[in-house]
Amino acid sequence: MTEKFKYTEGRFADIQMLRYRLDGFSELSLRQKKLAYCLAEAALWGRDITFDQFGRYNLKIRKTLEAVYISYTGDRTTEDFKGLETYLKRVWFSNGIYHHYGSDKFVPSFSKEFFVSAVRQVDKGLLPLGDGDDADTLISELTPVIFDADVLPVKVCKKDGCDLVKASACNFYESVSQSEVESYYAMKKKDGCETPPSYGLNTTVTKKSGIVTEEPWKINGRYGAAIEKIVWWLEKASAYTENDKQRNVIESLVRYYTTGDLATFNDYCIKWVEEKASHVDFINGFIEVYDDPLGLKGTWEGLVEYRDEEGTTRTNIISGNAQWFEDNSPVDPRFKKKCVTGVSANVICAAMLGGGEYPATAIGINLPNADWIRARHGSKSITISNIINAYNEAARGNGFIEEFVVDNETKELVRKYGDICDIIHTDLHECLGHGSGQLLPNVDPDALKAYGNTIEEARADLFGLYYVADSKMIELGLLPDAEAYKAGYYTYMMNGLLTQLARIRKGADIEEAHMRDRALIARWCYEQGKADNIIEMVYKGGKTYVKINDYGRLRSLLGKLLAEVQRIKSEGDHAAARDLVETYAVKVEPSIHEEIISRYESLGIPPYKGFINPVLRPVRNENGDVTDIVADYSEAYVDQMLRYGRDYSTLI
């Protein structure tokens with residue numbers, strides 16, 4: 001590129017929008033580019049599914065707000081209109097009306113009266129109306145959901161003692177209770193199958209004639225209109241696959257989308273994890289279960305990727321030593337894998353983000369999620385280098401280190417080693433952490449219920465933290481010296497104890513699984529090390545800082561906690577999981593919380609970041625043949641969201 005790439009691209013509310021660059025994309029073959037293009041289209045067509053999964057009114061609200069935004073002829077400089085614009089941007093960002101991290105419903109800064117008046121002025125043809133409905137019908141349906149704080153207040157409820165199904169607004173269950181859902185799936189698991197399906201992954205649980213049943217998400221089923229488009233582009237992609245195995249992967253995924261059969265999904269997962277030769281790869285389907293309070297239902301997501309060869313050299317070193325890491329883990333030998341199988345770890349560049357991976361996305365992913373498939377066939381891990389690079393570039397010079405790191409010596413440590421430690425920890429977390437350990441025979445993979453996601457993320461984080469400090473990192477050439485790991489330890493503890501609190505609404509508990517995981521680890525280590533002053537909370541100039549006094553003993557604490565968390569996972573100890581999470585990972589100390597929010601605001605740093613996708617544009621010759629696919633970075637956030645709403649809408 002002839003000019004410096006611009007990573008940051010505007011902000012609103014508590015969100016900074018970024019761009020990610022497709023480094024090396026131009027060097028792919030034309031066949032690989034065509035494959036990536038078709039897979040990218042498949043990744044974009046599932047967007048409406050994710051919106052609907054996150055709340056049954058999300059699509060109607062989005063389309064109504066878009067209609068107002070496009071057609072409003074009044075004064076667009078008023079506080080009401082600007083408030084509606086910000087609200088719509090947040091709805092786009094979070095795939096619905098609930099915060100993408102905190103799960104609370106957004107509070108509109110525009111009045112109900114303005115909303116009613118604006119909707120009544122919209123051309124009826126632009127509104128999501130049913131047969132015989134008018135604008136007032138739509139208004140009466142949507143105003144309580146948008147404006148009444150007590151109506152469907154939280155997307156995913158994780159409060160201990162609640163009926164988590166009835167208290168959650170996510171759209172996976174209809175007219176059923178938590179106990180009914182748990183009883184329904186307990187009956188399904190009675191056969192004790194050694195290769196079980198991921199029960200409930202791709203269905204809505206409902207009642208018909210008073211009997212609990214499931215409606216599958218498939219062609220000719222729920223979400224069928226969107227899935228048909230996804231499948232159409234997957235079948236187009238088959239023409240450009242890099243080998244027969246990759247073509248078989250896509251064909252198996254198409255069969256799964258057609259039938260909704262979870263045995264076919266297992267077959268697809270096995271084929272996908274065993275196909276390791278392709279330079280271009282993808283994730284597409286109902287995958288992660290963090291957005292379901294019971295940890296069963298898969299949020300639809302899409303990701304298209306191509307290999308970062310330089311970075312993959314690093315992860316291959318890690319995965320090539322997987323058995324050593326497993327053998328030397330501080331956990332009980334009963335919970336270790338005797339033979340680590342099929343670990344594949346790549347550094348990749350994202351080429352397109354979709355569904356639950358867009359606009360906010362992970363920096364690392366490890367799949368498949370089924371424990372028995374991991375044990376028998378292995379797993380694929382990815383670290384997304386161009387997303388990490390975009391985060392790092394956007395953070396340079398923002399004052400965060402100067403504001404939150406305790407002293408000059410530690411600041412220099414973080415500046416020198418912080419980036420590489422974060423990368424290595426992510427690699428260890430994804431490449432090995434999630435794939436480490438094993439369940440004891442006959443332990444239900446869902447035994448930890450609502451605490452399962454937090455415990456699993458803590459387990460992978462602890463694995464990475466324990467080993468980032470090991471001399472093996474230096475021996476393998478992954479870290480430069482024995483001091484480097486301290487930067488990773490410091491930033492992790494600072495985040496878990498302090499800085500991640502900027503992401504939580506005042507007065508709220510910690511709800512998101514990854515945030516709970518970090519709080520659990522940091523707070524447990526702080527409390528366990530108090531007597532020996534291993535981690536200290538220091539107060540200077542009216543501000544709170546973390547100070548680590550003994551990094552070696554902190555590693556010992558992390559190893560001890562890893563052993564316990566692995567035991568909980570391996571034995572399915574729900575009571576112990578509940579105790580750990582509820583004791584260390586949920587509640588927020590109000591004065592510290594207020595202080596951290598204030599310090600963030602003084603720096604002008606938005607606590608959340610997300611991404612605008614590049615536009616992949618086919619280049620055609622005079623005969624109409626595609627001669628190239630190029631990445632265009634010029635599309636603005638609002639333009640992209642309006643285009644997606646116009647061009648990829650299927651469910652409303």
# chains A, B, ... in the order shown; residues from 1 in each chain; ligands from 1

$ closest_atom_pairs --of "region 231-284 of chain A" --to "region 364-378 of chain A" --cutoff "9 Å" --atoms "only C-alpha atoms" --output "JSON lines"
{"residue": "A:Asn266", "atom": "CA", "partner": "A:Ile373", "partner_atom": "CA", "distance": 8.0}
{"residue": "A:Cys269", "atom": "CA", "partner": "A:Pro368", "partner_atom": "CA", "distance": 6.4}
{"residue": "A:Ile270", "atom": "CA", "partner": "A:His377", "partner_atom": "CA", "distance": 6.6}
{"residue": "A:Trp272", "atom": "CA", "partner": "A:Pro368", "partner_atom": "CA", "distance": 8.8}
{"residue": "A:Val273", "atom": "CA", "partner": "A:Gly378", "partner_atom": "CA", "distance": 6.9}
{"residue": "A:Glu274", "atom": "CA", "partner": "A:His377", "partner_atom": "CA", "distance": 7.1}

$ residues_around --residues "region 97-109 of chain A" --least-positions-apart "4" --cutoff "8 Å" --atoms "only C-alpha atoms" --output "list in words"
Phe54, Gly55, Asn58, Asp80, Gly83, Leu84, Tyr87, Arg90, Val91, Phe93, Ile146, Phe147, Ala149, Leu152, Pro153, Val154, Lys155, Val156, Arg503, Ile504, Arg505, Ile510, Glu511 and Glu512 of chain A

$ closest_residue --among "A:Lys166, A:Arg31, A:Lys547, A:Arg567" --to "Leu439 (chain A)" --atoms "only C-alpha atoms"
A:Arg567

$ closest_residue --among "A:Asn392, A:Asn346, A:Thr361, A:Ser238" --to "Gly610 (chain A)" --atoms "only C-alpha atoms"
A:Thr361

$ closest_residue --among "A:Ile535, A:Ala43, A:Cys421, A:Leu520" --to "Tyr551 (chain A)" --atoms "only C-alpha atoms"
A:Ile535

$ residues_around --residues "Ile423 (chain A)" --least-positions-apart "2" --cutoff "10 Å" --atoms "only C-alpha atoms" --output "ChimeraX atom specification"
/A:363-364,383-385,388,418-421,425-429,488

$ write_last_selection --atoms "all heavy atoms" --output "compact mmCIF listing (two decimals), in the first residue's frame"
# COMPACT_ATOMS: atom_id res chain seq x y z
N ILE A 363 -9.46 -13.32 19.50
CA ILE A 363 -8.11 -13.28 18.93
C ILE A 363 -7.53 -14.68 18.79
O ILE A 363 -6.47 -14.86 18.19
CB ILE A 363 -7.17 -12.40 19.75
CG1 ILE A 363 -7.05 -12.91 21.19
CG2 ILE A 363 -7.62 -10.95 19.72
CD1 ILE A 363 -6.01 -12.19 22.02
N GLY A 364 -8.23 -15.66 19.35
CA GLY A 364 -7.80 -17.05 19.22
C GLY A 364 -9.00 -17.96 19.36
O GLY A 364 -9.97 -17.63 20.07
N THR A 383 -4.57 -18.60 16.11
CA THR A 383 -4.32 -17.27 16.66
C THR A 383 -4.42 -16.31 15.50
O THR A 383 -3.79 -16.52 14.45
CB THR A 383 -2.93 -17.19 17.31
OG1 THR A 383 -2.81 -18.19 18.33
CG2 THR A 383 -2.71 -15.82 17.92
N ILE A 384 -5.22 -15.25 15.64
CA ILE A 384 -5.55 -14.38 14.50
C ILE A 384 -4.61 -13.18 14.50
O ILE A 384 -4.83 -12.19 15.19
CB ILE A 384 -7.02 -13.96 14.55
CG1 ILE A 384 -7.93 -15.18 14.79
CG2 ILE A 384 -7.41 -13.27 13.25
CD1 ILE A 384 -9.41 -14.85 14.92
N SER A 385 -3.55 -13.26 13.70
CA SER A 385 -2.47 -12.29 13.79
C SER A 385 -2.88 -10.89 13.35
O SER A 385 -2.46 -9.90 13.97
CB SER A 385 -1.27 -12.76 12.97
OG SER A 385 -1.59 -12.88 11.59
N ILE A 388 -4.89 -9.25 16.18
CA ILE A 388 -4.00 -8.87 17.28
C ILE A 388 -3.20 -7.64 16.89
O ILE A 388 -3.04 -6.70 17.69
CB ILE A 388 -3.07 -10.04 17.65
CG1 ILE A 388 -3.87 -11.19 18.26
CG2 ILE A 388 -1.97 -9.59 18.60
CD1 ILE A 388 -3.06 -12.45 18.50
N GLY A 418 5.43 -7.03 26.71
CA GLY A 418 3.98 -7.22 26.82
C GLY A 418 3.35 -7.86 25.60
O GLY A 418 2.56 -8.81 25.71
N ASP A 419 3.69 -7.37 24.41
CA ASP A 419 3.06 -7.89 23.19
C ASP A 419 3.39 -9.36 22.97
O ASP A 419 2.50 -10.18 22.68
CB ASP A 419 3.50 -7.07 21.97
CG ASP A 419 2.84 -5.70 21.91
OD1 ASP A 419 1.98 -5.42 22.77
OD2 ASP A 419 3.19 -4.92 21.02
N ILE A 420 4.66 -9.73 23.09
CA ILE A 420 5.04 -11.12 22.83
C ILE A 420 4.46 -12.05 23.88
O ILE A 420 4.05 -13.18 23.58
CB ILE A 420 6.57 -11.28 22.72
CG1 ILE A 420 6.93 -12.71 22.29
CG2 ILE A 420 7.27 -10.92 24.02
CD1 ILE A 420 6.38 -13.14 20.97
N CYS A 421 4.39 -11.60 25.13
CA CYS A 421 3.79 -12.44 26.18
C CYS A 421 2.31 -12.69 25.93
O CYS A 421 1.82 -13.80 26.11
CB CYS A 421 3.98 -11.80 27.55
SG CYS A 421 5.63 -12.04 28.24
N HIS A 425 0.85 -16.37 25.34
CA HIS A 425 -0.22 -16.85 26.22
C HIS A 425 -1.44 -17.27 25.41
O HIS A 425 -2.06 -18.31 25.68
CB HIS A 425 -0.60 -15.79 27.25
CG HIS A 425 -1.70 -16.24 28.16
ND1 HIS A 425 -2.99 -15.77 28.06
CD2 HIS A 425 -1.71 -17.14 29.18
CE1 HIS A 425 -3.75 -16.34 28.97
NE2 HIS A 425 -3.00 -17.18 29.66
N THR A 426 -1.79 -16.46 24.40
CA THR A 426 -2.92 -16.83 23.54
C THR A 426 -2.64 -18.13 22.81
O THR A 426 -3.51 -19.01 22.71
CB THR A 426 -3.20 -15.70 22.52
OG1 THR A 426 -3.53 -14.50 23.22
CG2 THR A 426 -4.36 -16.08 21.60
N ASP A 427 -1.42 -18.29 22.29
CA ASP A 427 -1.06 -19.54 21.62
C ASP A 427 -1.21 -20.74 22.55
O ASP A 427 -1.78 -21.77 22.18
CB ASP A 427 0.39 -19.47 21.13
CG ASP A 427 0.58 -18.53 19.94
OD1 ASP A 427 -0.43 -18.17 19.31
OD2 ASP A 427 1.73 -18.15 19.67
N LEU A 428 -0.69 -20.62 23.76
CA LEU A 428 -0.77 -21.72 24.72
C LEU A 428 -2.22 -22.01 25.11
O LEU A 428 -2.63 -23.17 25.23
CB LEU A 428 0.06 -21.40 25.96
CG LEU A 428 1.58 -21.41 25.77
CD1 LEU A 428 2.28 -20.75 26.97
CD2 LEU A 428 2.10 -22.83 25.59
N HIS A 429 -2.98 -20.96 25.34
CA HIS A 429 -4.39 -21.08 25.69
C HIS A 429 -5.14 -21.86 24.61
O HIS A 429 -5.85 -22.84 24.91
CB HIS A 429 -4.98 -19.68 25.85
CG HIS A 429 -6.46 -19.62 26.08
ND1 HIS A 429 -7.02 -19.17 27.25
CD2 HIS A 429 -7.51 -19.93 25.28
CE1 HIS A 429 -8.34 -19.22 27.16
NE2 HIS A 429 -8.66 -19.67 25.96
N GLY A 488 3.70 -10.65 31.15
CA GLY A 488 2.41 -11.31 30.97
C GLY A 488 1.68 -11.50 32.28
O GLY A 488 0.46 -11.32 32.36

$ closest_atom_pairs --of "region 512-607 of chain A" --to "region 444-468 of chain A" --cutoff "10 Å" --atoms "only C-alpha atoms" --output "JSON lines"
{"residue": "A:Glu512", "atom": "CA", "partner": "A:Thr454", "partner_atom": "CA", "distance": 8.3}
{"residue": "A:Ala513", "atom": "CA", "partner": "A:Thr454", "partner_atom": "CA", "distance": 4.7}
{"residue": "A:His514", "atom": "CA", "partner": "A:Glu457", "partner_atom": "CA", "distance": 6.3}
{"residue": "A:Met515", "atom": "CA", "partner": "A:Thr454", "partner_atom": "CA", "distance": 8.4}
{"residue": "A:Arg516", "atom": "CA", "partner": "A:Thr454", "partner_atom": "CA", "distance": 6.3}
{"residue": "A:Asp517", "atom": "CA", "partner": "A:Ala458", "partner_atom": "CA", "distance": 4.8}
{"residue": "A:Arg518", "atom": "CA", "partner": "A:Ala458", "partner_atom": "CA", "distance": 7.0}
{"residue": "A:Ala519", "atom": "CA", "partner": "A:Ala458", "partner_atom": "CA", "distance": 9.4}
{"residue": "A:Leu520", "atom": "CA", "partner": "A:Ala458", "partner_atom": "CA", "distance": 7.7}
{"residue": "A:Ile521", "atom": "CA", "partner": "A:Ala458", "partner_atom": "CA", "distance": 7.0}
{"residue": "A:Leu554", "atom": "CA", "partner": "A:Tyr466", "partner_atom": "CA", "distance": 9.4}
{"residue": "A:Arg555", "atom": "CA", "partner": "A:Tyr466", "partner_atom": "CA", "distance": 6.1}
{"residue": "A:Ser556", "atom": "CA", "partner": "A:Tyr466", "partner_atom": "CA", "distance": 8.1}
{"residue": "A:Leu557", "atom": "CA", "partner": "A:Tyr466", "partner_atom": "CA", "distance": 9.1}
{"residue": "A:Leu558", "atom": "CA", "partner": "A:Tyr466", "partner_atom": "CA", "distance": 6.1}
{"residue": "A:Gly559", "atom": "CA", "partner": "A:Tyr466", "partner_atom": "CA", "distance": 5.9}
{"residue": "A:Lys560", "atom": "CA", "partner": "A:Tyr466", "partner_atom": "CA", "distance": 9.6}
{"residue": "A:Leu561", "atom": "CA", "partner": "A:Leu462", "partner_atom": "CA", "distance": 7.6}
{"residue": "A:Leu562", "atom": "CA", "partner": "A:Leu462", "partner_atom": "CA", "distance": 5.6}
{"residue": "A:Ala563", "atom": "CA", "partner": "A:Arg459", "partner_atom": "CA", "distance": 8.9}
{"residue": "A:Glu564", "atom": "CA", "partner": "A:Arg459", "partner_atom": "CA", "distance": 9.3}
{"residue": "A:Val565", "atom": "CA", "partner": "A:Arg459", "partner_atom": "CA", "distance": 6.0}
{"residue": "A:Gln566", "atom": "CA", "partner": "A:Arg459", "partner_atom": "CA", "distance": 6.5}
{"residue": "A:Ile568", "atom": "CA", "partner": "A:Ile455", "partner_atom": "CA", "distance": 8.2}
{"residue": "A:Lys569", "atom": "CA", "partner": "A:Ile455", "partner_atom": "CA", "distance": 7.3}
{"residue": "A:Ser570", "atom": "CA", "partner": "A:Pro445", "partner_atom": "CA", "distance": 8.8}
{"residue": "A:Glu571", "atom": "CA", "partner": "A:Ala447", "partner_atom": "CA", "distance": 8.8}
{"residue": "A:Gly572", "atom": "CA", "partner": "A:Ala447", "partner_atom": "CA", "distance": 5.2}
{"residue": "A:Asp573", "atom": "CA", "partner": "A:Leu448", "partner_atom": "CA", "distance": 6.7}
{"residue": "A:His574", "atom": "CA", "partner": "A:Leu448", "partner_atom": "CA", "distance": 4.7}
{"residue": "A:Ala575", "atom": "CA", "partner": "A:Leu448", "partner_atom": "CA", "distance": 8.3}
{"residue": "A:Ala576", "atom": "CA", "partner": "A:Leu448", "partner_atom": "CA", "distance": 9.2}
{"residue": "A:Ala577", "atom": "CA", "partner": "A:Tyr451", "partner_atom": "CA", "distance": 6.4}
{"residue": "A:Arg578", "atom": "CA", "partner": "A:Tyr451", "partner_atom": "CA", "distance": 6.5}
{"residue": "A:Asp579", "atom": "CA", "partner": "A:Tyr451", "partner_atom": "CA", "distance": 9.9}
{"residue": "A:Leu580", "atom": "CA", "partner": "A:Ile455", "partner_atom": "CA", "distance": 8.9}
{"residue": "A:Val581", "atom": "CA", "partner": "A:Tyr451", "partner_atom": "CA", "distance": 7.2}
{"residue": "A:Glu582", "atom": "CA", "partner": "A:Tyr451", "partner_atom": "CA", "distance": 9.3}
{"residue": "A:Ala585", "atom": "CA", "partner": "A:Thr454", "partner_atom": "CA", "distance": 9.0}

$ select_by_dssp --residues "region 269-367 of chain A" --states "strand (DSSP E)" --output "ChimeraX atom specification"
/A:280-286,300-307,343-355,364-367

$ write_last_selection --atoms "C-alpha atoms" --output "compact mmCIF listing (two decimals), in the first residue's frame"
# COMPACT_ATOMS: atom_id res chain seq x y z
CA VAL A 280 -7.50 -21.15 3.24
CA ASP A 281 -9.84 -22.42 5.96
CA PHE A 282 -13.11 -21.41 7.59
CA ILE A 283 -15.48 -21.70 10.54
CA ASN A 284 -19.19 -21.67 9.74
CA GLY A 285 -22.08 -22.83 11.87
CA PHE A 286 -23.65 -23.02 15.31
CA TRP A 300 -24.11 -18.88 14.63
CA GLU A 301 -20.73 -17.55 13.54
CA GLY A 302 -18.57 -17.32 10.47
CA LEU A 303 -14.85 -16.77 9.95
CA VAL A 304 -12.75 -17.01 6.79
CA GLU A 305 -9.01 -17.30 7.24
CA TYR A 306 -5.74 -17.92 5.45
CA ARG A 307 -2.48 -19.05 6.98
CA VAL A 343 -3.09 -31.03 17.80
CA SER A 344 -3.00 -28.54 14.92
CA ALA A 345 -2.06 -24.93 15.58
CA ASN A 346 -1.88 -22.16 13.00
CA VAL A 347 -1.48 -18.43 13.05
CA ILE A 348 -3.95 -17.06 10.55
CA CYS A 349 -5.17 -13.82 9.03
CA ALA A 350 -8.90 -13.22 9.14
CA ALA A 351 -10.34 -12.46 5.70
CA MET A 352 -13.98 -12.02 6.79
CA LEU A 353 -15.84 -11.97 10.10
CA GLY A 354 -19.50 -12.92 10.47
CA GLY A 355 -22.27 -13.61 12.99
CA GLY A 364 -7.80 -17.05 19.22
CA ILE A 365 -10.09 -20.03 18.68
CA ASN A 366 -9.82 -23.74 19.44
CA LEU A 367 -12.33 -26.20 17.96

$ select_by_dssp --residues "region 115-161 of chain A" --states "helix (DSSP H, G or I)" --output "MDAnalysis selection string"
chainID A and resid 115:121 124:126 135:147

$ residues_around --residues "Arg21 (chain A)" --least-positions-apart "2" --cutoff "12 Å" --atoms "only C-alpha atoms" --output "ChimeraX atom specification"
/A:1,4-8,18-19,23-26,349-352,384-391,393,611-616,630-634

$ atom_distance --atom1 "CA of Glu594 (chain A)" --atom2 "CA of Tyr492 (chain A)"
20.2 Å

$ closest_residue --among "A:Gly541, A:Gly132, A:Gly477, A:Gly437" --to "Asn328 (chain A)" --atoms "only C-alpha atoms"
A:Gly437

$ residues_around --residues "Gly200 (chain A)" --least-positions-apart "6" --cutoff "8 Å" --atoms "only C-alpha atoms" --output "PyMOL selection string"
chain A and resi 185+296-297

$ closest_residue --among "A:Cys339, A:Leu262, A:Cys170, A:Ala135" --to "Pro197 (chain A)" --atoms "only C-alpha atoms"
A:Leu262

$ atom_distance --atom1 "CA of Asp134 (chain A)" --atom2 "CA of Gly645 (chain A)"
21.4 Å

$ residues_around --residues "Ala502 (chain A)" --least-positions-apart "6" --cutoff "9 Å" --atoms "only C-alpha atoms" --output "NGL selection string"
:A and (593-594 or 596-600 or 606-607)

$ residues_around --residues "Leu88 (chain A)" --least-positions-apart "5" --cutoff "8 Å" --atoms "only C-alpha atoms" --output "JSON, numbers by chain"
{"A": [62, 65, 66]}

$ closest_atom_pairs --of "region 144-246 of chain A" --to "region 250-260 of chain A" --cutoff "7 Å" --atoms "only C-alpha atoms" --output "Markdown table"
| residue | atom | partner | partner_atom | distance |
| --- | --- | --- | --- | --- |
| A:Pro216 | CA | A:Gly260 | CA | 6.0 |
| A:Trp217 | CA | A:Gly260 | CA | 6.3 |
| A:Lys218 | CA | A:Tyr257 | CA | 5.1 |
| A:Ile219 | CA | A:Thr258 | CA | 5.0 |
| A:Ile227 | CA | A:Tyr257 | CA | 6.9 |
| A:Val231 | CA | A:Val254 | CA | 6.0 |
| A:Leu234 | CA | A:Ile250 | CA | 6.6 |
| A:Ser238 | CA | A:Ile250 | CA | 6.7 |
| A:Gln246 | CA | A:Ile250 | CA | 6.5 |

$ write_last_selection --atoms "N, CA, C and O atoms" --output "PDB file, in the first residue's frame"
ATOM      1  N   PRO A 216     -35.349 -27.969  14.953  1.00  0.00           N
ATOM      2  CA  PRO A 216     -33.973 -27.863  14.458  1.00  0.00           C
ATOM      3  C   PRO A 216     -33.767 -26.650  13.553  1.00  0.00           C
ATOM      4  O   PRO A 216     -34.683 -26.215  12.852  1.00  0.00           O
ATOM      5  N   TRP A 217     -32.538 -26.137  13.586  1.00  0.00           N
ATOM      6  CA  TRP A 217     -32.129 -25.036  12.714  1.00  0.00           C
ATOM      7  C   TRP A 217     -31.495 -25.654  11.467  1.00  0.00           C
ATOM      8  O   TRP A 217     -30.361 -26.153  11.502  1.00  0.00           O
ATOM      9  N   LYS A 218     -32.216 -25.627  10.366  1.00  0.00           N
ATOM     10  CA  LYS A 218     -31.760 -26.310   9.152  1.00  0.00           C
ATOM     11  C   LYS A 218     -32.558 -25.794   7.964  1.00  0.00           C
ATOM     12  O   LYS A 218     -33.522 -25.031   8.108  1.00  0.00           O
ATOM     13  N   ILE A 219     -32.146 -26.226   6.760  1.00  0.00           N
ATOM     14  CA  ILE A 219     -32.963 -25.967   5.578  1.00  0.00           C
ATOM     15  C   ILE A 219     -34.334 -26.616   5.792  1.00  0.00           C
ATOM     16  O   ILE A 219     -34.437 -27.728   6.291  1.00  0.00           O
ATOM     17  N   ILE A 227     -30.100 -20.199   6.030  1.00  0.00           N
ATOM     18  CA  ILE A 227     -29.235 -21.364   5.814  1.00  0.00           C
ATOM     19  C   ILE A 227     -29.171 -21.733   4.335  1.00  0.00           C
ATOM     20  O   ILE A 227     -28.119 -22.159   3.834  1.00  0.00           O
ATOM     21  N   VAL A 231     -25.681 -22.228   2.405  1.00  0.00           N
ATOM     22  CA  VAL A 231     -25.388 -23.460   1.678  1.00  0.00           C
ATOM     23  C   VAL A 231     -25.081 -23.165   0.209  1.00  0.00           C
ATOM     24  O   VAL A 231     -24.173 -23.774  -0.383  1.00  0.00           O
ATOM     25  N   LEU A 234     -21.576 -22.071   0.092  1.00  0.00           N
ATOM     26  CA  LEU A 234     -20.673 -23.186   0.403  1.00  0.00           C
ATOM     27  C   LEU A 234     -20.516 -24.100  -0.804  1.00  0.00           C
ATOM     28  O   LEU A 234     -19.409 -24.577  -1.109  1.00  0.00           O
ATOM     29  N   SER A 238     -17.101 -25.050  -3.074  1.00  0.00           N
ATOM     30  CA  SER A 238     -16.599 -26.400  -3.345  1.00  0.00           C
ATOM     31  C   SER A 238     -15.830 -26.483  -4.653  1.00  0.00           C
ATOM     32  O   SER A 238     -14.935 -27.321  -4.811  1.00  0.00           O
ATOM     33  N   GLN A 246     -10.803 -31.132   1.739  1.00  0.00           N
ATOM     34  CA  GLN A 246     -11.514 -29.883   2.024  1.00  0.00           C
ATOM     35  C   GLN A 246     -12.884 -29.886   1.345  1.00  0.00           C
ATOM     36  O   GLN A 246     -13.864 -29.403   1.929  1.00  0.00           O
TER      37      GLN A 246
END

$ decode --residues "region 300-313 of chain A" --atoms "N, CA and C atoms" --output "compact mmCIF listing (two decimals), in the first residue's frame"
# COMPACT_ATOMS: atom_id res chain seq x y z
N TRP A 300 -24.61 -18.78 15.99
CA TRP A 300 -24.11 -18.88 14.63
C TRP A 300 -22.94 -17.91 14.44
N GLU A 301 -21.87 -18.40 13.81
CA GLU A 301 -20.73 -17.55 13.54
C GLU A 301 -20.04 -17.98 12.26
N GLY A 302 -19.33 -17.04 11.67
CA GLY A 302 -18.57 -17.32 10.47
C GLY A 302 -17.21 -16.64 10.53
N LEU A 303 -16.20 -17.32 10.04
CA LEU A 303 -14.85 -16.77 9.95
C LEU A 303 -14.16 -17.38 8.73
N VAL A 304 -13.57 -16.55 7.91
CA VAL A 304 -12.75 -17.01 6.79
C VAL A 304 -11.32 -16.61 7.07
N GLU A 305 -10.39 -17.52 6.82
CA GLU A 305 -9.01 -17.30 7.24
C GLU A 305 -8.04 -17.86 6.21
N TYR A 306 -6.83 -17.33 6.23
CA TYR A 306 -5.74 -17.92 5.45
C TYR A 306 -4.48 -17.87 6.30
N ARG A 307 -3.60 -18.80 6.07
CA ARG A 307 -2.48 -19.05 6.98
C ARG A 307 -1.44 -17.94 6.93
N ASP A 308 -0.99 -17.52 8.12
CA ASP A 308 0.17 -16.65 8.31
C ASP A 308 1.36 -17.57 8.52
N GLU A 309 2.15 -17.76 7.48
CA GLU A 309 3.20 -18.79 7.52
C GLU A 309 4.26 -18.49 8.57
N GLU A 310 4.64 -17.22 8.70
CA GLU A 310 5.68 -16.87 9.67
C GLU A 310 5.22 -17.15 11.09
N GLY A 311 4.00 -16.72 11.42
CA GLY A 311 3.48 -16.96 12.76
C GLY A 311 3.23 -18.43 13.04
N THR A 312 2.84 -19.18 12.00
CA THR A 312 2.55 -20.60 12.18
C THR A 312 3.80 -21.38 12.55
N THR A 313 4.96 -20.91 12.14
CA THR A 313 6.21 -21.56 12.57
C THR A 313 6.29 -21.60 14.09
